[in-house]
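Structure data follow from entry12.tsv (TSV, C-alpha atoms):
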chain	number	residue	atom	x	y	z
A	28	MET	CA	87.68	53.94	-42.79
A	29	ALA	CA	84.97	53.07	-45.26
A	30	THR	CA	84.02	55.89	-47.63
A	31	LYS	CA	80.49	56.51	-48.82
A	32	THR	CA	80.15	56.46	-52.60
A	33	LYS	CA	77.89	59.20	-53.92
A	34	ARG	CA	75.22	57.95	-56.32
A	35	PRO	CA	75.50	59.68	-59.72
A	36	TYR	CA	72.70	62.11	-60.54
A	37	LEU	CA	70.49	60.88	-63.38
A	38	TYR	CA	69.51	63.96	-65.36
A	39	GLU	CA	67.35	61.90	-67.68
A	40	VAL	CA	65.00	61.24	-64.76
A	41	ASP	CA	64.35	64.98	-64.44
A	42	LEU	CA	63.06	65.29	-68.00
A	43	MET	CA	61.05	62.07	-67.73
A	44	ARG	CA	59.29	63.45	-64.66
A	45	ILE	CA	58.43	66.64	-66.52
A	46	ILE	CA	57.12	64.82	-69.60
A	47	PHE	CA	54.85	62.59	-67.54
A	48	ILE	CA	53.46	65.32	-65.26
A	49	CYS	CA	52.98	67.76	-68.15
A	50	GLY	CA	51.24	64.94	-70.02
A	51	VAL	CA	48.90	64.47	-67.07
A	52	LEU	CA	48.10	68.19	-67.08
A	53	LEU	CA	47.49	68.11	-70.85
A	54	ASN	CA	45.20	65.12	-70.39
A	55	HIS	CA	43.11	66.92	-67.79
A	56	THR	CA	43.16	70.22	-69.69
A	57	THR	CA	41.78	68.43	-72.74
A	58	SER	CA	39.01	66.95	-70.60
A	59	THR	CA	38.15	70.44	-69.36
A	60	PHE	CA	37.81	71.70	-72.94
A	61	GLU	CA	35.74	68.65	-73.91
A	62	GLY	CA	33.21	69.63	-71.27
A	63	ARG	CA	32.70	73.01	-72.97
A	64	ILE	CA	32.16	71.74	-76.52
A	65	ASP	CA	28.83	70.63	-77.95
A	66	ASN	CA	28.56	66.85	-78.03
A	67	ALA	CA	27.31	66.99	-81.61
A	68	ALA	CA	30.36	68.87	-82.85
A	69	ALA	CA	33.08	67.18	-84.87
A	70	SER	CA	35.63	68.91	-82.64
A	71	GLN	CA	34.23	67.04	-79.64
A	72	LEU	CA	34.64	63.74	-81.47
A	73	PHE	CA	38.20	64.67	-82.42
A	74	LEU	CA	39.15	65.36	-78.81
A	75	GLU	CA	37.49	62.18	-77.60
A	76	ALA	CA	39.00	59.96	-80.30
A	77	THR	CA	42.54	61.21	-79.65
A	78	HIS	CA	42.24	61.33	-75.86
A	79	LEU	CA	43.64	57.84	-75.23
A	80	MET	CA	46.93	58.91	-76.81
A	81	LEU	CA	47.61	60.91	-73.65
A	82	HIS	CA	46.69	58.18	-71.20
A	83	PHE	CA	50.19	56.71	-71.06
A	84	THR	CA	51.07	59.45	-68.58
A	85	ARG	CA	49.38	57.83	-65.58
A	86	MET	CA	51.31	54.60	-66.04
A	87	GLY	CA	54.47	56.58	-66.72
A	88	PHE	CA	54.01	58.21	-63.33
A	89	MET	CA	53.70	54.77	-61.72
A	90	PHE	CA	56.83	53.56	-63.52
A	91	MET	CA	58.79	56.61	-62.40
A	92	THR	CA	57.69	56.08	-58.80
A	93	GLY	CA	59.06	52.53	-58.78
A	94	LEU	CA	62.23	53.66	-60.55
A	95	VAL	CA	63.03	56.56	-58.20
A	96	LEU	CA	62.17	54.64	-55.03
A	97	THR	CA	64.47	51.80	-56.02
A	98	LEU	CA	67.27	54.15	-57.07
A	99	ASN	CA	67.14	55.76	-53.64
A	100	TYR	CA	66.60	52.76	-51.38
A	101	TYR	CA	67.56	49.45	-53.00
A	102	ASN	CA	71.22	49.53	-51.97
A	103	ARG	CA	70.75	51.27	-48.64
A	104	LYS	CA	70.79	49.73	-45.22
A	105	HIS	CA	67.19	48.69	-44.78
A	106	GLU	CA	65.76	50.72	-41.94
A	107	TRP	CA	62.21	50.19	-43.12
A	108	LEU	CA	60.45	51.82	-40.17
A	109	LYS	CA	62.43	54.97	-40.85
A	110	PHE	CA	61.59	54.63	-44.55
A	111	GLU	CA	57.86	54.29	-43.88
A	112	ARG	CA	57.83	57.25	-41.49
A	113	LYS	CA	59.71	59.51	-43.90
A	114	ARG	CA	57.69	58.58	-46.98
A	115	PHE	CA	54.31	58.73	-45.26
A	116	VAL	CA	55.13	62.19	-43.93
A	117	SER	CA	56.39	63.50	-47.29
A	118	ALA	CA	53.34	62.20	-49.19
A	119	GLY	CA	50.75	62.04	-46.41
A	120	ILE	CA	50.90	65.68	-45.32
A	121	PRO	CA	50.35	67.01	-48.88
A	122	TYR	CA	47.57	64.45	-49.35
A	123	LEU	CA	45.73	65.61	-46.22
A	124	ALA	CA	46.47	69.28	-46.82
A	125	TRP	CA	45.42	69.61	-50.47
A	126	ASN	CA	42.25	67.60	-49.96
A	127	PHE	CA	41.39	70.08	-47.22
A	128	ILE	CA	42.47	73.21	-49.12
A	129	VAL	CA	40.75	72.40	-52.41
A	130	MET	CA	37.57	71.19	-50.71
A	131	PHE	CA	37.42	74.39	-48.66
A	132	LEU	CA	37.99	76.52	-51.76
A	133	SER	CA	35.26	74.57	-53.56
A	134	ILE	CA	32.83	75.42	-50.76
A	135	GLU	CA	33.84	79.08	-50.89
A	136	VAL	CA	33.02	79.31	-54.60
A	137	GLY	CA	29.89	77.19	-54.18
A	138	VAL	CA	30.93	74.08	-56.09
A	139	ASN	CA	30.10	70.44	-55.21
A	140	PHE	CA	30.51	70.57	-51.42
A	141	SER	CA	28.94	72.28	-48.41
A	142	MET	CA	30.28	73.31	-45.02
A	143	ALA	CA	27.53	71.32	-43.30
A	144	ASN	CA	28.90	68.06	-44.74
A	145	PHE	CA	32.55	69.10	-44.77
A	146	LYS	CA	33.76	66.59	-42.18
A	147	ALA	CA	32.02	63.61	-43.80
A	148	ASP	CA	33.09	64.63	-47.32
A	149	TYR	CA	36.67	65.23	-46.22
A	150	ILE	CA	36.98	61.87	-44.47
A	151	ASP	CA	35.45	60.13	-47.49
A	152	ALA	CA	37.96	61.86	-49.80
A	153	ILE	CA	40.87	60.84	-47.58
A	154	VAL	CA	39.75	57.22	-47.28
A	155	HIS	CA	38.91	56.70	-50.95
A	156	GLY	CA	41.24	59.15	-52.76
A	157	ASN	CA	38.45	59.93	-55.19
A	158	GLN	CA	38.60	63.73	-55.24
A	159	PHE	CA	40.86	66.27	-56.94
A	160	TYR	CA	42.98	63.65	-58.77
A	161	MET	CA	44.41	62.48	-55.44
A	162	TYR	CA	44.04	58.79	-56.30
A	163	TYR	CA	47.73	58.67	-57.24
A	164	ILE	CA	48.80	59.69	-53.72
A	165	LEU	CA	46.59	57.03	-52.15
A	166	ILE	CA	48.11	54.42	-54.47
A	167	VAL	CA	51.64	55.54	-53.62
A	168	LEU	CA	50.89	55.31	-49.90
A	169	GLN	CA	49.84	51.71	-50.50
A	170	LEU	CA	53.05	51.15	-52.46
A	171	TYR	CA	55.15	52.35	-49.53
A	172	LEU	CA	53.65	49.60	-47.40
A	173	ILE	CA	54.62	46.82	-49.80
A	174	PHE	CA	57.84	48.30	-51.19
A	175	PRO	CA	60.04	46.48	-48.63
A	176	LEU	CA	58.52	43.23	-49.87
A	177	ILE	CA	59.28	44.19	-53.47
A	178	VAL	CA	62.92	44.84	-52.56
A	179	LEU	CA	63.10	41.56	-50.65
A	180	MET	CA	61.65	39.66	-53.64
A	181	PHE	CA	64.16	41.11	-56.10
A	182	LYS	CA	67.06	40.46	-53.71
A	183	LYS	CA	66.03	36.90	-52.88
A	184	LEU	CA	65.36	36.04	-56.53
A	185	VAL	CA	68.41	37.82	-57.86
A	186	ASN	CA	68.82	35.43	-60.81
A	187	HIS	CA	65.15	35.46	-61.79
A	188	HIS	CA	64.31	39.11	-62.39
A	189	THR	CA	63.24	38.46	-65.98
A	190	LEU	CA	60.91	35.72	-64.77
A	191	ILE	CA	59.44	38.11	-62.20
A	192	MET	CA	58.65	40.62	-64.94
A	193	SER	CA	57.21	37.95	-67.23
A	194	ILE	CA	54.83	36.80	-64.52
A	195	SER	CA	54.00	40.40	-63.64
A	196	PHE	CA	53.14	41.21	-67.28
A	197	THR	CA	50.92	38.12	-67.55
A	198	VAL	CA	49.10	39.01	-64.34
A	199	GLN	CA	48.69	42.63	-65.48
A	200	MET	CA	47.21	41.55	-68.80
A	201	ALA	CA	44.82	39.17	-67.03
A	202	ILE	CA	43.71	41.97	-64.69
A	203	LEU	CA	42.99	44.30	-67.61
A	204	ILE	CA	41.08	41.64	-69.57
A	205	PHE	CA	38.98	40.96	-66.49
A	206	ILE	CA	38.29	44.67	-65.88
A	207	LYS	CA	37.26	45.37	-69.46
A	208	TYR	CA	35.40	42.25	-70.53
A	209	PHE	CA	34.11	40.53	-67.38
A	210	LEU	CA	33.78	43.01	-64.51
A	211	PRO	CA	30.98	45.09	-66.14
A	212	HIS	CA	28.76	41.97	-66.12
A	213	ILE	CA	29.39	41.10	-62.46
A	214	ASP	CA	27.41	42.41	-59.51
A	215	ASP	CA	30.07	43.97	-57.29
A	216	SER	CA	27.71	45.85	-54.98
A	217	HIS	CA	28.72	43.65	-52.03
A	218	TRP	CA	32.47	43.94	-52.71
A	219	TRP	CA	34.83	45.87	-50.48
A	220	TRP	CA	35.42	49.31	-52.04
A	221	TRP	CA	39.17	48.59	-52.46
A	222	PHE	CA	38.30	45.94	-55.05
A	223	LYS	CA	35.43	47.82	-56.66
A	224	ALA	CA	37.47	51.00	-57.00
A	225	TYR	CA	40.27	49.24	-58.87
A	226	GLY	CA	41.61	52.60	-60.05
A	227	GLU	CA	42.73	53.29	-56.46
A	228	ASN	CA	44.10	49.78	-55.87
A	229	VAL	CA	47.89	49.47	-55.97
A	230	LEU	CA	47.68	45.93	-57.36
A	231	THR	CA	46.04	47.26	-60.54
A	232	TYR	CA	49.34	49.00	-61.33
A	233	GLN	CA	51.74	46.33	-60.06
A	234	PHE	CA	53.49	45.80	-63.40
A	235	TYR	CA	54.52	49.45	-63.75
A	236	PHE	CA	55.94	49.65	-60.24
A	237	LEU	CA	57.87	46.42	-60.74
A	238	ALA	CA	59.05	47.62	-64.17
A	239	GLY	CA	60.44	50.74	-62.52
A	240	THR	CA	62.23	48.58	-59.94
A	241	TYR	CA	63.62	46.32	-62.66
A	242	ALA	CA	64.81	49.30	-64.73
A	243	SER	CA	66.57	50.76	-61.69
A	244	ILE	CA	68.39	47.54	-60.78
A	245	HIS	CA	69.39	46.81	-64.39
A	246	TYR	CA	69.80	50.44	-65.39
A	247	LYS	CA	72.82	50.01	-67.66
A	248	GLU	CA	71.27	47.07	-69.49
A	249	VAL	CA	67.92	48.84	-69.95
A	250	LYS	CA	69.68	51.98	-71.14
A	251	ARG	CA	71.77	50.00	-73.63
A	252	PHE	CA	68.72	48.09	-74.91
A	253	ILE	CA	66.67	51.27	-75.50
A	254	ASN	CA	69.53	53.09	-77.24
A	255	THR	CA	70.23	50.07	-79.45
A	256	HIS	CA	66.61	49.46	-80.46
A	257	ILE	CA	65.24	52.99	-80.50
A	258	LYS	CA	64.23	52.94	-84.19
A	259	PRO	CA	61.78	50.01	-83.91
A	260	ILE	CA	60.65	51.31	-80.50
A	261	ALA	CA	59.86	54.73	-82.02
A	262	TRP	CA	58.03	53.26	-85.03
A	263	ILE	CA	55.94	50.88	-82.92
A	264	THR	CA	55.18	53.67	-80.44
A	265	GLY	CA	53.90	55.89	-83.25
A	266	ILE	CA	51.76	53.10	-84.72
A	267	LEU	CA	50.31	52.17	-81.33
A	268	SER	CA	49.59	55.84	-80.63
A	269	LEU	CA	47.51	56.13	-83.80
A	270	GLY	CA	45.98	52.79	-82.95
A	271	THR	CA	44.34	54.32	-79.88
A	272	VAL	CA	41.99	56.12	-82.27
A	273	GLY	CA	40.97	52.74	-83.69
A	274	LEU	CA	40.56	51.44	-80.15
A	275	PHE	CA	38.18	54.32	-79.41
A	276	PHE	CA	35.88	53.47	-82.33
A	277	PHE	CA	36.12	49.74	-81.57
A	278	ASP	CA	34.97	50.36	-78.01
A	279	THR	CA	32.15	52.72	-78.99
A	280	ASP	CA	30.88	51.22	-82.28
A	281	VAL	CA	31.59	47.50	-81.83
A	282	LEU	CA	31.53	46.87	-78.09
A	283	HIS	CA	29.09	49.77	-77.46
A	284	LEU	CA	30.87	50.73	-74.26
A	285	SER	CA	30.07	53.84	-72.29
A	286	MET	CA	32.31	56.86	-72.77
A	287	GLY	CA	33.80	56.27	-69.33
A	288	ALA	CA	34.76	52.69	-70.21
A	289	THR	CA	36.00	53.77	-73.64
A	290	MET	CA	38.31	56.37	-72.10
A	291	SER	CA	39.56	53.99	-69.41
A	292	VAL	CA	43.30	53.42	-69.08
A	293	HIS	CA	42.57	49.88	-67.88
A	294	GLN	CA	42.47	48.14	-71.24
A	295	PRO	CA	44.75	45.37	-72.59
A	296	TYR	CA	45.77	47.44	-75.62
A	297	MET	CA	46.88	50.27	-73.36
A	298	LEU	CA	49.31	48.03	-71.51
A	299	VAL	CA	51.29	47.40	-74.69
A	300	TYR	CA	51.05	51.06	-75.73
A	301	ASP	CA	52.18	52.23	-72.29
A	302	ILE	CA	55.26	50.00	-72.31
A	303	PHE	CA	56.48	51.33	-75.65
A	304	MET	CA	55.61	54.92	-74.78
A	305	ILE	CA	57.50	54.72	-71.49
A	306	ALA	CA	60.50	53.27	-73.31
A	307	PHE	CA	60.37	56.09	-75.85
A	308	VAL	CA	60.15	58.77	-73.14
A	309	PHE	CA	63.07	57.03	-71.42
A	310	TRP	CA	65.10	57.48	-74.61
A	311	VAL	CA	64.15	61.16	-74.81
A	312	GLY	CA	65.41	61.55	-71.25
A	313	LEU	CA	68.67	59.82	-72.16
A	314	ARG	CA	69.11	62.18	-75.10
A	315	PHE	CA	68.63	65.14	-72.78
A	316	ALA	CA	71.31	63.78	-70.45
A	317	TYR	CA	73.62	63.48	-73.47
A	318	TRP	CA	72.81	66.95	-74.84
A	319	ARG	CA	73.46	68.69	-71.53
A	320	GLN	CA	77.02	67.39	-71.71
A	321	HIS	CA	77.43	68.43	-75.35
A	322	GLY	CA	76.43	72.06	-75.67
A	323	LEU	CA	72.88	72.27	-74.33
A	324	TRP	CA	71.92	75.86	-73.48
A	325	PRO	CA	72.37	76.37	-69.72
A	326	TRP	CA	68.97	78.04	-69.32
A	327	ILE	CA	67.25	74.92	-70.64
A	328	ASP	CA	69.18	72.78	-68.17
A	329	ARG	CA	68.20	75.09	-65.29
A	330	TRP	CA	64.57	75.14	-66.43
A	331	VAL	CA	64.35	71.35	-66.56
A	332	HIS	CA	66.02	70.99	-63.17
A	333	ASN	CA	63.74	73.55	-61.51
A	334	VAL	CA	60.51	72.16	-62.97
A	335	ALA	CA	61.56	68.63	-61.99
A	336	LYS	CA	62.03	69.81	-58.40
A	337	VAL	CA	58.36	70.77	-58.14
A	338	SER	CA	56.88	68.12	-60.45
A	339	PHE	CA	55.09	66.47	-57.53
A	340	GLY	CA	53.70	69.87	-56.62
A	341	LEU	CA	52.35	70.36	-60.16
A	342	TYR	CA	50.33	67.20	-59.70
A	343	LEU	CA	49.06	68.14	-56.26
A	344	VAL	CA	47.85	71.64	-57.14
A	345	GLN	CA	46.50	70.96	-60.63
A	346	THR	CA	42.86	71.10	-59.56
A	347	ILE	CA	43.17	74.83	-58.81
A	348	PRO	CA	44.29	75.98	-62.30
A	349	LEU	CA	41.95	73.47	-63.94
A	350	ALA	CA	39.01	74.89	-61.98
A	351	MET	CA	40.10	78.41	-62.92
A	352	LEU	CA	40.27	77.36	-66.57
A	353	ALA	CA	36.81	75.78	-66.40
A	354	PHE	CA	35.40	79.01	-64.95
A	355	ILE	CA	37.06	81.10	-67.67
A	356	LEU	CA	35.67	78.83	-70.40
A	357	THR	CA	32.13	79.33	-69.07
A	358	LYS	CA	32.55	83.03	-69.83
A	359	ILE	CA	33.69	82.42	-73.40
A	360	SER	CA	31.35	81.73	-76.28
A	361	LEU	CA	33.20	80.39	-79.32
A	362	PRO	CA	32.50	77.87	-82.09
A	363	ALA	CA	33.70	74.36	-81.31
A	364	TRP	CA	36.61	74.56	-83.77
A	365	ALA	CA	37.79	77.84	-82.23
A	366	MET	CA	37.57	76.31	-78.76
A	367	VAL	CA	39.90	73.51	-79.87
A	368	LEU	CA	42.36	76.07	-81.24
A	369	CYS	CA	42.36	77.73	-77.80
A	370	LEU	CA	43.42	74.48	-76.13
A	371	PRO	CA	47.19	75.25	-76.27
A	372	ILE	CA	46.55	78.60	-74.59
A	373	GLY	CA	44.51	76.93	-71.87
A	374	TYR	CA	47.21	74.32	-71.40
A	375	VAL	CA	49.94	76.94	-70.98
A	376	PHE	CA	47.71	78.70	-68.46
A	377	VAL	CA	47.24	75.52	-66.40
A	378	VAL	CA	50.95	74.66	-66.40
A	379	ALA	CA	51.97	78.24	-65.56
A	380	VAL	CA	49.58	78.59	-62.63
A	381	ALA	CA	50.42	75.13	-61.28
A	382	PHE	CA	54.13	75.91	-61.52
A	383	GLY	CA	53.64	79.30	-59.87
A	384	ILE	CA	51.86	77.80	-56.86
A	385	SER	CA	54.35	74.95	-56.57
A	386	TRP	CA	57.38	77.22	-56.91
A	387	PHE	CA	56.02	79.53	-54.24
A	388	CYS	CA	55.64	76.57	-51.87
A	389	TYR	CA	59.14	75.36	-52.72
A	390	LYS	CA	60.83	78.71	-52.11
A	391	VAL	CA	58.82	80.05	-49.14
A	392	PRO	CA	59.05	78.19	-45.81
A	393	PRO	CA	57.13	76.42	-44.39
A	394	PHE	CA	54.96	75.78	-47.46
A	395	GLY	CA	57.46	73.38	-49.03
A	396	ILE	CA	55.98	70.60	-46.94
A	397	LEU	CA	52.77	70.99	-48.99
A	398	ILE	CA	54.57	69.66	-52.08
A	399	GLY	CA	56.67	67.02	-50.35
A	400	ARG	CA	59.76	69.24	-50.01
A	401	ASN	CA	60.41	70.36	-46.46
A	402	ASN	CA	62.15	73.74	-46.72
A	403	LEU	CA	62.56	74.23	-42.98
A	404	HIS	CA	66.24	73.37	-42.71
A	405	PHE	CA	66.68	73.96	-38.99
A	406	LYS	CA	68.82	70.88	-38.52
A	407	LYS	CA	71.12	71.72	-41.44
A	408	ARG	CA	71.51	75.29	-40.22
A	409	VAL	CA	72.41	74.13	-36.70
A	410	GLU	CA	74.95	71.66	-38.08
A	411	ALA	CA	76.45	74.35	-40.33
A	412	THR	CA	76.71	76.76	-37.37
A	413	GLN	CA	78.35	74.11	-35.21
A	414	GLU	CA	80.81	73.30	-37.97
A	415	LYS	CA	81.66	76.99	-38.37
A	416	ILE	CA	82.23	77.38	-34.62
A	417	THR	CA	84.48	74.31	-34.57
A	418	THR	CA	86.51	75.70	-37.48
A	419	VAL	CA	86.99	79.04	-35.73
A	420	VAL	CA	88.08	77.34	-32.52
A	421	GLU	CA	90.58	75.17	-34.38
A	422	GLU	CA	92.00	78.19	-36.19
A	423	GLN	CA	92.43	80.05	-32.89
A	424	LYS	CA	94.38	77.13	-31.46
A	425	LEU	CA	96.90	77.48	-34.28
A	426	THR	CA	97.68	81.20	-33.76
A	427	PRO	CA	101.24	82.09	-32.57
A	428	GLU	CA	99.93	83.44	-29.26
A	429	ASN	CA	98.16	80.17	-28.48
A	430	ARG	CA	101.24	78.16	-29.44
A	431	LYS	CA	103.25	80.01	-26.74
Write out the structure in this file as structure tokens.
Amino acid sequence: MATKTKRPYLYEVDLMRIIFICGVLLNHTTSTFEGRIDNAAASQLFLEATHLMLHFTRMGFMFMTGLVLTLNYYNRKHEWLKFERKRFVSAGIPYLAWNFIVMFLSIEVGVNFSMANFKADYIDAIVHGNQFYMYYILIVLQLYLIFPLIVLMFKKLVNHHTLIMSISFTVQMAILIFIKYFLPHIDDSHWWWWFKAYGENVLTYQFYFLAGTYASIHYKEVKRFINTHIKPIAWITGILSLGTVGLFFFDTDVLHLSMGATMSVHQPYMLVYDIFMIAFVFWVGLRFAYWRQHGLWPWIDRWVHNVAKVSFGLYLVQTIPLAMLAFILTKISLPAWAMVLCLPIGYVFVVAVAFGISWFCYKVPPFGILIGRNNLHFKKRVEATQEKITTVVEEQKLTPENRK
């Protein structure tokens, strides 16, 4: 009888998830503070000039999605209809639910929406993914549709994976050059929204998804490469990180771009920065996996594991603590420099509240489905009960009385 080999648990993935989601929350927390600081203040310029340093987190999320999906499904029997149903339920229900919940709460506190237009606004948010940072979920739903084709491509071209990534990188760079230097001068008013709203288009992030797939398939080789070359990777990552400040002033003072375009993640420079930053975070995750086997405090291990469990939830619910933070900041009157010093406190507040909501959903049925973790284990409980009954019956058959 064939035995099923259990896939080893990759503890480094847990820490990578946490770093990327906490980076996303820091990014959005910083934006919230920027909105409360006078535009003429030097503190505002400091936050704006350093903001691009944090923008690797979005692409890190995309990379992790490709990595985890491939780890889970690449070597399985391909029942793609079952895959699509499971993934669309696990991501689709939270997508529909949190759009509804946050929009309703916004109406209750009198912000941005009205009950009279609720239906139209809700449908628009679902279709376009342009509210409450839900664009990522819409992109992932698109990825689920094409993921079987990605797997098929890598399996059919098994000896050409490096070529696939080379072409993908070239295409990604071309897309970013077009978005930054050509698209602003083109009339796209007649374009389909999926092309105009390139931030919600899965093809805009194709390289990161494919990179995650590649890293999963060639995990040992990627791991060995990063560990061997970590010194130059770390140095280049640090230089590129500081270089984002230069990119900011280049975009504003030389190209005279708007602040929105200046802060955009869709720039050629950011592609190179993202690659090195993802590799560096990968190494940090590998070090964590090593440390946990060599004397890491158990409470840190438990903390990382628990936060990783609800990392998707942290992303989904982030609008609530960010809105709470924005409200609190409206009640505070401080100099710009003091407001910047309060940023770590605000960040801890956002992470704590997001974790609290997510952990509640995770632990209390049936709310786990709101963060992609169904905690209604009816089937498992029935199977466990049946197994227990079978065991009792078998034990009774072996008693001396039954033997007679």
With 10 Å as the cut-off and all atoms listed in the file counted, what is the closest atom pair between each nearby residue of segment 234-337 of chain A and segment 208-219 of chain A? Distances in Å to one decimal, ordered by chain and number, as CSV.
residue,atom,partner,partner_atom,distance
A:Leu282,CA,A:Tyr208,CA,9.7
A:Leu284,CA,A:Pro211,CA,9.9
A:Ala288,CA,A:Pro211,CA,9.4
A:Gln294,CA,A:Tyr208,CA,9.2
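Closest approach to Phe376 of chain A among A:Ile173, A:Ile120, A:Val272, A:Leu53: A:Leu53, based on only C-alpha atoms.
Near Leu370 of chain A, within 9 Å and counting all atoms listed in the file, sit Thr56, Thr57, Phe60, Ala365, Met366, Tyr374 and Val375 of chain A, not including residues fewer than 4 positions from it in the same chain.
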> Skipping near chain neighbours, those fewer than 4 positions away, what residues fall within 12 Å of Trp221 of chain A using all atoms listed in the file, listed as a PyMOL selection string?
Replying inline: chain A and resi 154-157+162+165-166+169+215+217+225-231
> Separation of atom CA of Gly119 of chain A and atom CA of Phe382 of chain A, in Å?
Replying inline: 20.8 Å
Sort by chain and increasing residue number a table of all residues of segment 171-256 of chain A within 10 Å of segment 310-333 of chain A, each with its closest pair of atoms and their distance in Å to one decimal, counting only C-alpha atoms, and write it as a Markdown table.
| residue | atom | partner | partner_atom | distance |
| --- | --- | --- | --- | --- |
| A:Lys250 | CA | A:Trp310 | CA | 8.0 |
| A:Ile253 | CA | A:Trp310 | CA | 6.5 |
| A:Asn254 | CA | A:Trp310 | CA | 6.8 |
Give me a file of those residues, with C-alpha atoms, as a JSON list (two decimals), in the frame of the given file.
[["chain", "number", "residue", "atom", "x", "y", "z"],
["A", 250, "LYS", "CA", 69.68, 51.98, -71.14],
["A", 253, "ILE", "CA", 66.67, 51.27, -75.50],
["A", 254, "ASN", "CA", 69.53, 53.09, -77.24]]
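For the choices A:Val249, A:Asp148, A:Leu132, A:Leu356, the atom-to-atom distance to Ile372 of chain A is smallest for A:Leu356 when using only C-alpha atoms.
The closest residue to Pro371 of chain A, picked from A:Met130, A:Ala261, A:Ala143, A:Leu52 and counting all atoms listed in the file, is A:Leu52.
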